[in-house]
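Student: So I've got this file, my_file_16.cif, and it contains mmCIF, C-alpha atoms; chains and numbers go by the auth columns:
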```
data_start
loop_
_atom_site.group_PDB
_atom_site.id
_atom_site.type_symbol
_atom_site.label_atom_id
_atom_site.label_comp_id
_atom_site.label_asym_id
_atom_site.label_seq_id
_atom_site.Cartn_x
_atom_site.Cartn_y
_atom_site.Cartn_z
_atom_site.B_iso_or_equiv
_atom_site.auth_seq_id
_atom_site.auth_asym_id
ATOM 1 C CA LEU A 1 164.706 127.155 132.884 0.00 15 A
ATOM 2 C CA VAL A 2 162.404 125.213 130.526 0.00 16 A
ATOM 3 C CA ILE A 3 159.216 126.984 129.459 0.00 17 A
ATOM 4 C CA ALA A 4 156.334 124.590 128.794 0.00 18 A
ATOM 5 C CA SER A 5 152.910 125.628 127.518 0.00 19 A
ATOM 6 C CA VAL A 6 149.647 123.919 128.444 0.00 20 A
ATOM 7 C CA PRO A 7 146.240 124.716 126.909 0.00 21 A
ATOM 8 C CA PHE A 8 144.518 125.196 130.282 0.00 22 A
ATOM 9 C CA SER A 9 145.734 125.890 133.812 0.00 23 A
ATOM 10 C CA ALA A 10 144.131 122.796 135.360 0.00 24 A
ATOM 11 C CA LEU A 11 146.616 120.587 133.504 0.00 25 A
ATOM 12 C CA ALA A 12 149.568 122.457 134.998 0.00 26 A
ATOM 13 C CA GLU A 13 147.995 122.324 138.450 0.00 27 A
ATOM 14 C CA ALA A 14 147.337 118.596 138.174 0.00 28 A
ATOM 15 C CA SER A 15 150.860 117.922 136.888 0.00 29 A
ATOM 16 C CA GLY A 16 152.374 119.849 139.762 0.00 30 A
ATOM 17 C CA PRO A 17 155.673 121.701 139.897 0.00 31 A
ATOM 18 C CA VAL A 18 158.683 120.204 138.157 0.00 32 A
ATOM 19 C CA GLU A 19 162.110 121.513 139.083 0.00 33 A
ATOM 20 C CA GLY A 20 163.543 123.543 136.243 0.00 34 A
ATOM 21 C CA VAL A 21 160.166 124.050 134.508 0.00 35 A
ATOM 22 C CA GLU A 22 157.880 127.067 134.230 0.00 36 A
ATOM 23 C CA TYR A 23 154.350 126.583 132.909 0.00 37 A
ATOM 24 C CA VAL A 24 152.517 129.086 130.732 0.00 38 A
ATOM 25 C CA VAL A 25 148.913 128.741 129.592 0.00 39 A
ATOM 26 C CA TRP A 26 148.504 128.919 125.813 0.00 40 A
ATOM 27 C CA ASP A 27 145.840 127.335 123.593 0.00 41 A
ATOM 28 C CA GLY A 28 146.813 128.931 120.289 0.00 42 A
ATOM 29 C CA THR A 29 143.983 131.452 120.100 0.00 43 A
ATOM 30 C CA GLU A 30 146.448 134.306 120.689 0.00 44 A
ATOM 31 C CA PRO A 31 150.156 134.758 119.939 0.00 45 A
ATOM 32 C CA PRO A 32 152.347 132.736 122.313 0.00 46 A
ATOM 33 C CA PRO A 33 152.988 134.507 125.636 0.00 47 A
ATOM 34 C CA ARG A 34 156.664 133.499 125.655 0.00 48 A
ATOM 35 C CA GLY A 35 158.797 133.107 122.555 0.00 49 A
ATOM 36 C CA GLU A 36 161.188 130.754 124.333 0.00 50 A
ATOM 37 C CA ILE A 37 158.637 127.977 124.847 0.00 51 A
ATOM 38 C CA GLU A 38 160.416 124.639 124.372 0.00 52 A
ATOM 39 C CA LEU A 39 157.591 122.145 124.985 0.00 53 A
ATOM 40 C CA VAL A 40 154.004 122.603 123.828 0.00 54 A
ATOM 41 C CA VAL A 41 151.012 120.527 124.934 0.00 55 A
ATOM 42 C CA LEU A 42 148.325 120.655 122.265 0.00 56 A
ATOM 43 C CA ASP A 43 144.667 121.265 123.059 0.00 57 A
ATOM 44 C CA TYR A 44 142.668 118.025 123.122 0.00 58 A
ATOM 45 C CA ARG A 45 139.801 119.196 120.909 0.00 59 A
ATOM 46 C CA ASN A 46 141.346 121.922 118.781 0.00 60 A
ATOM 47 C CA ALA A 47 145.012 121.207 118.293 0.00 61 A
ATOM 48 C CA ARG A 48 145.070 122.991 114.929 0.00 62 A
ATOM 49 C CA MET A 49 144.974 126.459 116.527 0.00 63 A
ATOM 50 C CA THR A 50 148.288 125.798 118.227 0.00 64 A
ATOM 51 C CA LEU A 51 149.792 123.884 115.313 0.00 65 A
ATOM 52 C CA ASP A 52 149.273 126.881 113.027 0.00 66 A
ATOM 53 C CA ARG A 53 151.453 129.028 115.328 0.00 67 A
ATOM 54 C CA LEU A 54 154.383 126.700 115.934 0.00 68 A
ATOM 55 C CA ASP A 55 156.567 128.730 113.600 0.00 69 A
ATOM 56 C CA GLU A 56 156.320 131.569 116.151 0.00 70 A
ATOM 57 C CA LEU A 57 158.361 129.506 118.626 0.00 71 A
ATOM 58 C CA PRO A 58 162.047 129.553 117.668 0.00 72 A
ATOM 59 C CA GLU A 59 163.077 127.492 120.729 0.00 73 A
ATOM 60 C CA LEU A 60 160.443 124.768 120.248 0.00 74 A
ATOM 61 C CA ALA A 61 161.825 121.267 120.751 0.00 75 A
ATOM 62 C CA VAL A 62 158.874 119.029 121.694 0.00 76 A
ATOM 63 C CA VAL A 63 155.153 118.868 120.898 0.00 77 A
ATOM 64 C CA GLN A 64 153.067 116.670 123.213 0.00 78 A
ATOM 65 C CA THR A 65 149.581 115.661 122.083 0.00 79 A
ATOM 66 C CA GLN A 66 146.707 114.741 124.370 0.00 80 A
ATOM 67 C CA THR A 67 145.511 112.178 121.834 0.00 81 A
ATOM 68 C CA ALA A 68 146.829 108.755 120.965 0.00 82 A
ATOM 69 C CA GLY A 69 146.364 109.379 117.242 0.00 83 A
ATOM 70 C CA VAL A 70 148.562 111.891 115.441 0.00 84 A
ATOM 71 C CA ASP A 71 147.026 111.873 111.956 0.00 85 A
ATOM 72 C CA GLY A 72 146.838 115.458 110.742 0.00 86 A
ATOM 73 C CA ILE A 73 149.492 116.454 113.299 0.00 87 A
ATOM 74 C CA ALA A 74 152.688 114.597 112.427 0.00 88 A
ATOM 75 C CA GLU A 75 152.913 116.133 108.972 0.00 89 A
ATOM 76 C CA LEU A 76 152.773 119.650 110.447 0.00 90 A
ATOM 77 C CA MET A 77 155.827 119.286 112.695 0.00 91 A
ATOM 78 C CA PRO A 78 158.633 121.759 111.990 0.00 92 A
ATOM 79 C CA ASP A 79 161.988 120.227 111.154 0.00 93 A
ATOM 80 C CA GLY A 80 163.856 119.008 114.212 0.00 94 A
ATOM 81 C CA VAL A 81 160.839 119.118 116.557 0.00 95 A
ATOM 82 C CA LEU A 82 159.984 115.904 118.410 0.00 96 A
ATOM 83 C CA LEU A 83 156.375 114.716 118.530 0.00 97 A
ATOM 84 C CA ALA A 84 155.041 112.583 121.402 0.00 98 A
ATOM 85 C CA ASN A 85 151.534 111.177 121.613 0.00 99 A
ATOM 86 C CA ALA A 86 149.345 110.362 124.619 0.00 100 A
ATOM 87 C CA ARG A 87 149.595 106.590 124.373 0.00 101 A
ATOM 88 C CA GLY A 88 148.165 105.094 127.554 0.00 102 A
ATOM 89 C CA VAL A 89 146.162 108.144 128.645 0.00 103 A
ATOM 90 C CA HIS A 90 142.864 107.030 127.097 0.00 104 A
ATOM 91 C CA ASP A 91 143.192 103.264 127.452 0.00 105 A
ATOM 92 C CA ASP A 92 140.867 102.814 130.426 0.00 106 A
ATOM 93 C CA ALA A 93 138.131 105.194 129.267 0.00 107 A
ATOM 94 C CA THR A 94 138.088 103.849 125.712 0.00 108 A
ATOM 95 C CA ALA A 95 138.058 100.249 126.897 0.00 109 A
ATOM 96 C CA GLU A 96 135.135 101.077 129.212 0.00 110 A
ATOM 97 C CA LEU A 97 133.081 102.485 126.351 0.00 111 A
ATOM 98 C CA ALA A 98 133.882 99.554 124.058 0.00 112 A
ATOM 99 C CA LEU A 99 132.882 97.106 126.795 0.00 113 A
ATOM 100 C CA GLY A 100 129.685 99.042 127.520 0.00 114 A
ATOM 101 C CA LEU A 101 128.651 99.127 123.865 0.00 115 A
ATOM 102 C CA THR A 102 129.440 95.434 123.465 0.00 116 A
ATOM 103 C CA LEU A 103 127.286 94.502 126.453 0.00 117 A
ATOM 104 C CA ALA A 104 124.483 96.828 125.355 0.00 118 A
ATOM 105 C CA SER A 105 124.423 95.311 121.879 0.00 119 A
ATOM 106 C CA LEU A 106 124.605 91.688 122.977 0.00 120 A
ATOM 107 C CA ARG A 107 121.984 92.080 125.685 0.00 121 A
ATOM 108 C CA GLY A 108 119.572 94.149 123.598 0.00 122 A
ATOM 109 C CA ILE A 109 119.639 97.235 125.789 0.00 123 A
ATOM 110 C CA ASP A 110 119.070 99.442 122.747 0.00 124 A
ATOM 111 C CA GLU A 111 115.896 97.564 121.829 0.00 125 A
ATOM 112 C CA ALA A 112 114.626 97.629 125.405 0.00 126 A
ATOM 113 C CA VAL A 113 115.051 101.396 125.581 0.00 127 A
ATOM 114 C CA ARG A 114 113.451 102.036 122.170 0.00 128 A
ATOM 115 C CA SER A 115 110.422 99.910 123.091 0.00 129 A
ATOM 116 C CA HIS A 116 109.389 102.461 125.742 0.00 130 A
ATOM 117 C CA GLY A 117 108.056 99.791 128.054 0.00 131 A
ATOM 118 C CA HIS A 118 106.084 97.923 125.377 0.00 132 A
ATOM 119 C CA TRP A 119 108.031 94.715 125.690 0.00 133 A
ATOM 120 C CA GLY A 120 107.032 91.425 124.176 0.00 134 A
ATOM 121 C CA ARG A 121 108.183 88.014 125.212 0.00 135 A
ATOM 122 C CA SER A 122 111.926 88.266 125.655 0.00 136 A
ATOM 123 C CA ARG A 123 114.146 86.054 123.539 0.00 137 A
ATOM 124 C CA GLU A 124 117.335 84.451 124.651 0.00 138 A
ATOM 125 C CA ARG A 125 120.253 86.841 124.357 0.00 139 A
ATOM 126 C CA ARG A 126 123.907 86.072 123.944 0.00 140 A
ATOM 127 C CA SER A 127 125.977 86.543 127.046 0.00 141 A
ATOM 128 C CA LEU A 128 129.426 88.044 126.779 0.00 142 A
ATOM 129 C CA ALA A 129 130.514 85.063 128.862 0.00 143 A
ATOM 130 C CA ASP A 130 131.693 82.299 126.501 0.00 144 A
ATOM 131 C CA SER A 131 131.349 84.579 123.460 0.00 145 A
ATOM 132 C CA HIS A 132 134.235 84.773 121.010 0.00 146 A
ATOM 133 C CA VAL A 133 135.510 88.339 120.706 0.00 147 A
ATOM 134 C CA ALA A 134 138.228 89.461 118.294 0.00 148 A
ATOM 135 C CA VAL A 135 140.115 92.613 119.222 0.00 149 A
ATOM 136 C CA LEU A 136 141.391 93.899 115.877 0.00 150 A
ATOM 137 C CA GLY A 137 144.310 96.145 116.791 0.00 151 A
ATOM 138 C CA TYR A 138 145.976 94.811 119.917 0.00 152 A
ATOM 139 C CA GLY A 139 147.857 97.863 121.176 0.00 153 A
ATOM 140 C CA SER A 140 147.573 99.495 124.581 0.00 154 A
ATOM 141 C CA ILE A 141 143.848 100.226 124.182 0.00 155 A
ATOM 142 C CA GLY A 142 143.210 96.742 122.797 0.00 156 A
ATOM 143 C CA ARG A 143 145.027 95.223 125.752 0.00 157 A
ATOM 144 C CA ALA A 144 142.991 97.299 128.225 0.00 158 A
ATOM 145 C CA LEU A 145 139.818 96.090 126.538 0.00 159 A
ATOM 146 C CA ALA A 146 140.990 92.472 126.485 0.00 160 A
ATOM 147 C CA SER A 147 141.561 92.499 130.245 0.00 161 A
ATOM 148 C CA ARG A 148 137.958 93.599 130.762 0.00 162 A
ATOM 149 C CA LEU A 149 136.593 91.061 128.297 0.00 163 A
ATOM 150 C CA LEU A 150 138.478 88.275 130.010 0.00 164 A
ATOM 151 C CA ALA A 151 137.029 89.351 133.345 0.00 165 A
ATOM 152 C CA CYS A 152 133.593 88.853 131.750 0.00 166 A
ATOM 153 C CA ARG A 153 134.633 85.316 130.758 0.00 167 A
ATOM 154 C CA ALA A 154 134.788 86.039 127.023 0.00 168 A
ATOM 155 C CA VAL A 155 137.074 84.083 124.713 0.00 169 A
ATOM 156 C CA VAL A 156 139.399 86.760 123.344 0.00 170 A
ATOM 157 C CA THR A 157 141.356 86.633 120.092 0.00 171 A
ATOM 158 C CA ALA A 158 143.946 89.406 119.962 0.00 172 A
ATOM 159 C CA VAL A 159 144.844 90.485 116.418 0.00 173 A
ATOM 160 C CA ALA A 160 147.832 92.590 115.423 0.00 174 A
ATOM 161 C CA SER A 161 150.024 93.122 112.385 0.00 175 A
ATOM 162 C CA ALA A 162 152.388 90.327 113.423 0.00 176 A
ATOM 163 C CA PRO A 163 151.995 87.279 115.698 0.00 177 A
ATOM 164 C CA ARG A 164 153.640 87.352 119.118 0.00 178 A
ATOM 165 C CA GLN A 165 153.366 85.951 122.602 0.00 179 A
ATOM 166 C CA ASP A 166 151.492 87.973 125.204 0.00 180 A
ATOM 167 C CA ASP A 167 151.239 87.489 128.961 0.00 181 A
ATOM 168 C CA LEU A 168 147.531 88.425 129.020 0.00 182 A
ATOM 169 C CA VAL A 169 145.963 86.568 126.088 0.00 183 A
ATOM 170 C CA GLY A 170 148.703 84.029 125.483 0.00 184 A
ATOM 171 C CA ARG A 171 149.070 84.454 121.748 0.00 185 A
ATOM 172 C CA VAL A 172 148.504 87.454 119.501 0.00 186 A
ATOM 173 C CA VAL A 173 147.721 86.424 115.924 0.00 187 A
ATOM 174 C CA SER A 174 147.585 88.081 112.521 0.00 188 A
ATOM 175 C CA ALA A 175 144.296 88.758 110.745 0.00 189 A
ATOM 176 C CA ALA A 176 144.966 85.922 108.305 0.00 190 A
ATOM 177 C CA ASP A 177 144.974 83.430 111.180 0.00 191 A
ATOM 178 C CA VAL A 178 141.529 84.370 112.548 0.00 192 A
ATOM 179 C CA ASP A 179 138.405 82.322 111.956 0.00 193 A
ATOM 180 C CA TRP A 180 136.210 85.373 111.487 0.00 194 A
ATOM 181 C CA ALA A 181 133.036 83.330 111.025 0.00 195 A
ATOM 182 C CA ALA A 182 133.459 82.000 114.558 0.00 196 A
ATOM 183 C CA GLN A 183 133.567 85.462 116.156 0.00 197 A
ATOM 184 C CA HIS A 184 130.471 86.772 117.882 0.00 198 A
ATOM 185 C CA VAL A 185 131.939 90.262 118.339 0.00 199 A
ATOM 186 C CA VAL A 186 134.707 92.168 116.565 0.00 200 A
ATOM 187 C CA VAL A 187 136.078 95.366 118.122 0.00 201 A
ATOM 188 C CA VAL A 188 138.189 97.525 115.801 0.00 202 A
ATOM 189 C CA VAL A 189 140.812 99.658 117.553 0.00 203 A
ATOM 190 C CA LEU A 190 143.279 100.054 114.701 0.00 204 A
ATOM 191 C CA PRO A 191 145.590 103.065 114.513 0.00 205 A
ATOM 192 C CA LEU A 192 145.291 105.170 111.376 0.00 206 A
ATOM 193 C CA THR A 193 148.214 104.220 109.139 0.00 207 A
ATOM 194 C CA ASP A 194 148.725 103.662 105.430 0.00 208 A
ATOM 195 C CA ALA A 195 147.938 99.995 106.019 0.00 209 A
ATOM 196 C CA THR A 196 144.651 100.624 107.854 0.00 210 A
ATOM 197 C CA ARG A 197 143.465 103.668 105.928 0.00 211 A
ATOM 198 C CA HIS A 198 140.071 103.147 104.233 0.00 212 A
ATOM 199 C CA VAL A 199 139.123 100.096 106.270 0.00 213 A
ATOM 200 C CA VAL A 200 136.127 102.353 106.891 0.00 214 A
ATOM 201 C CA ASP A 201 136.023 104.326 103.653 0.00 215 A
ATOM 202 C CA ALA A 202 133.928 106.969 101.906 0.00 216 A
ATOM 203 C CA ALA A 203 131.583 104.383 100.448 0.00 217 A
ATOM 204 C CA PHE A 204 130.932 103.013 103.931 0.00 218 A
ATOM 205 C CA LEU A 205 130.299 106.462 105.402 0.00 219 A
ATOM 206 C CA ALA A 206 128.066 107.410 102.462 0.00 220 A
ATOM 207 C CA ARG A 207 125.639 104.774 103.635 0.00 221 A
ATOM 208 C CA LEU A 208 125.012 106.785 106.854 0.00 222 A
ATOM 209 C CA PRO A 209 122.923 109.833 105.916 0.00 223 A
ATOM 210 C CA ASP A 210 120.084 111.139 108.183 0.00 224 A
ATOM 211 C CA GLY A 211 117.169 108.719 108.110 0.00 225 A
ATOM 212 C CA HIS A 212 119.259 105.718 107.157 0.00 226 A
ATOM 213 C CA PRO A 213 117.811 102.452 108.551 0.00 227 A
ATOM 214 C CA LEU A 214 121.089 101.705 110.334 0.00 228 A
ATOM 215 C CA TRP A 215 120.311 104.427 112.907 0.00 229 A
ATOM 216 C CA SER A 216 117.303 102.469 114.175 0.00 230 A
ATOM 217 C CA ALA A 217 118.350 98.939 113.234 0.00 231 A
ATOM 218 C CA PRO A 218 118.039 96.403 116.062 0.00 232 A
ATOM 219 C CA GLY A 219 121.347 95.635 117.719 0.00 233 A
ATOM 220 C CA VAL A 220 123.052 98.761 116.370 0.00 234 A
ATOM 221 C CA ILE A 221 124.219 101.485 118.747 0.00 235 A
ATOM 222 C CA ILE A 222 126.015 104.518 117.311 0.00 236 A
ATOM 223 C CA THR A 223 127.819 107.096 119.444 0.00 237 A
ATOM 224 C CA PRO A 224 130.011 110.077 118.578 0.00 238 A
ATOM 225 C CA HIS A 225 133.768 110.016 119.217 0.00 239 A
ATOM 226 C CA VAL A 226 133.489 110.429 122.990 0.00 240 A
ATOM 227 C CA ALA A 227 135.545 107.599 124.459 0.00 241 A
ATOM 228 C CA GLY A 228 138.388 109.716 125.836 0.00 242 A
ATOM 229 C CA GLY A 229 136.459 112.639 127.291 0.00 243 A
ATOM 230 C CA THR A 230 136.014 111.423 130.866 0.00 244 A
ATOM 231 C CA THR A 231 137.206 112.212 134.382 0.00 245 A
ATOM 232 C CA ALA A 232 139.954 109.632 133.847 0.00 246 A
ATOM 233 C CA MET A 233 141.746 111.847 131.327 0.00 247 A
ATOM 234 C CA LEU A 234 143.142 114.702 133.440 0.00 248 A
ATOM 235 C CA PRO A 235 144.994 112.646 136.069 0.00 249 A
ATOM 236 C CA ARG A 236 146.494 110.361 133.423 0.00 250 A
ATOM 237 C CA MET A 237 147.482 113.214 131.139 0.00 251 A
ATOM 238 C CA ALA A 238 148.969 115.096 134.094 0.00 252 A
ATOM 239 C CA ALA A 239 151.034 112.063 135.086 0.00 253 A
ATOM 240 C CA LEU A 240 152.328 111.710 131.524 0.00 254 A
ATOM 241 C CA LEU A 241 153.203 115.407 131.266 0.00 255 A
ATOM 242 C CA ARG A 242 155.015 115.430 134.598 0.00 256 A
ATOM 243 C CA ASP A 243 157.060 112.421 133.550 0.00 257 A
ATOM 244 C CA GLN A 244 157.851 113.940 130.165 0.00 258 A
ATOM 245 C CA LEU A 245 158.994 117.233 131.688 0.00 259 A
ATOM 246 C CA THR A 246 161.131 115.444 134.265 0.00 260 A
ATOM 247 C CA ARG A 247 162.757 113.443 131.487 0.00 261 A
ATOM 248 C CA TYR A 248 163.247 116.505 129.298 0.00 262 A
ATOM 249 C CA VAL A 249 164.944 118.534 132.018 0.00 263 A
ATOM 250 C CA ALA A 250 167.225 115.599 132.865 0.00 264 A
ATOM 251 C CA GLY A 251 168.082 114.977 129.215 0.00 265 A
ATOM 252 C CA ASP A 252 166.535 111.491 129.307 0.00 266 A
ATOM 253 C CA PRO A 253 164.599 109.911 126.379 0.00 267 A
ATOM 254 C CA LEU A 254 160.949 110.951 126.194 0.00 268 A
ATOM 255 C CA ARG A 255 158.063 108.503 126.146 0.00 269 A
ATOM 256 C CA ASN A 256 155.692 107.873 123.219 0.00 270 A
ATOM 257 C CA LEU A 257 157.844 109.481 120.549 0.00 271 A
ATOM 258 C CA VAL A 258 156.230 109.217 117.131 0.00 272 A
#
```
Can the structure in the file be given as structure tokens, please?
Tutor:
Amino acid sequence: LVIASVPFSALAEASGPVEGVEYVVWDGTEPPPRGEIELVVLDYRNARMTLDRLDELPELAVVQTQTAGVDGIAELMPDGVLLANARGVHDDATAELALGLTLASLRGIDEAVRSHGHWGRSRERRSLADSHVAVLGYGSIGRALASRLLACRAVVTAVASAPRQDDLVGRVVSAADVDWAAQHVVVVVLPLTDATRHVVDAAFLARLPDGHPLWSAPGVIITPHVAGGTTAMLPRMAALLRDQLTRYVAGDPLRNLV
């Protein structure tokens, strides 16, 4: 019997029973309820509580995140423990937010709201239709966004670390091949790696204190990191977990191994 821990009971309920698996609820705030836990699902918002207790699980074999990114997690894995991320779980929700922010910025929704009904003569706005949009970081989230942009009749340039053919956009190019001056919109969905680290650096962030003009600048909309926290997350995470547990019990390769 495989013991798998989940941070809240709703995830186990949504995943449903898997033959050969017993769920326990554990979010890391207390000692683990079963020492023989083999697979741990980390909490979405506070994974560190569980990570700090992994050495209390002598039978641990797999850690499953609920995030696509694993920075700050991968380096804390005990020797011999597999780490799997949640690639694919947040694609739809993140792409929705990126599309919404793009439309809001292009169409001046931020300015309309801030004007509180005191609107002057409207100027011509750029439509997303026919606009050139570069998706910098064409992974699963970038692809989900590109499909939505194409539906809005945008001209999409997909950018990744190496050129390749793609059935959605035709050709994925490298950053060196992009005419950046011709882009009306650039969406950055890069993973955090040694190659992408500091693309947004301390000097950039230092320019965003309270009261900075960027907060109220026309055409600028700033949100917190909220793309994944939607009703779309639980069913997609549950489907991933069920598949992972089925594979683990059968001895088959797991998905999304880091």
Student: In terms of the shortest atom-to-atom distance over all atoms listed in the file, which of A:Gly83, A:Pro238, A:Gly114, A:Pro31 is closest to A:Arg162?
Tutor: A:Gly114
Student: Pick from A:Leu228, A:Pro223, A:Thr207, A:Gly34: nearest to A:Val84, with only C-alpha atoms counted?
Tutor: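 When distances to A:Val84 are compared using only C-alpha atoms, the smallest one comes from A:Thr207.
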Student: With distances taken over only C-alpha atoms, which of A:Trp229, A:Gly94, A:His130, A:Ala82 is nearest to A:Leu206?
Tutor: A:Ala82
Student: Pull out every residue that the PyMOL selection byres ((chain A and resi 142) around 8) matches in the shown coordinates and put them as a list in words.
Tutor: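 When the PyMOL selection byres ((chain A and resi 142) around 8) is applied, the selected residues are Leu117, Leu120, Arg140, Ser141, Ala143, Asp144, Ser145, Leu163, Cys166, Arg167 and Ala168 of chain A.
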Student: Residue by residue, what does the PyMOL selection byres ((chain A and resi 187) around 12) grab here? Present the result as a list in words.
Tutor: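 That selection, the PyMOL selection byres ((chain A and resi 187) around 12), comes back as Ala148, Val149, Leu150, Gly151, Tyr152, Val170, Thr171, Ala172, Val173, Ala174, Ser175, Ala176, Pro177, Arg178, Gln179, Asp180, Val183, Gly184, Arg185, Val186, Ser188, Ala189, Ala190, Asp191, Val192 and Asp193 of chain A.
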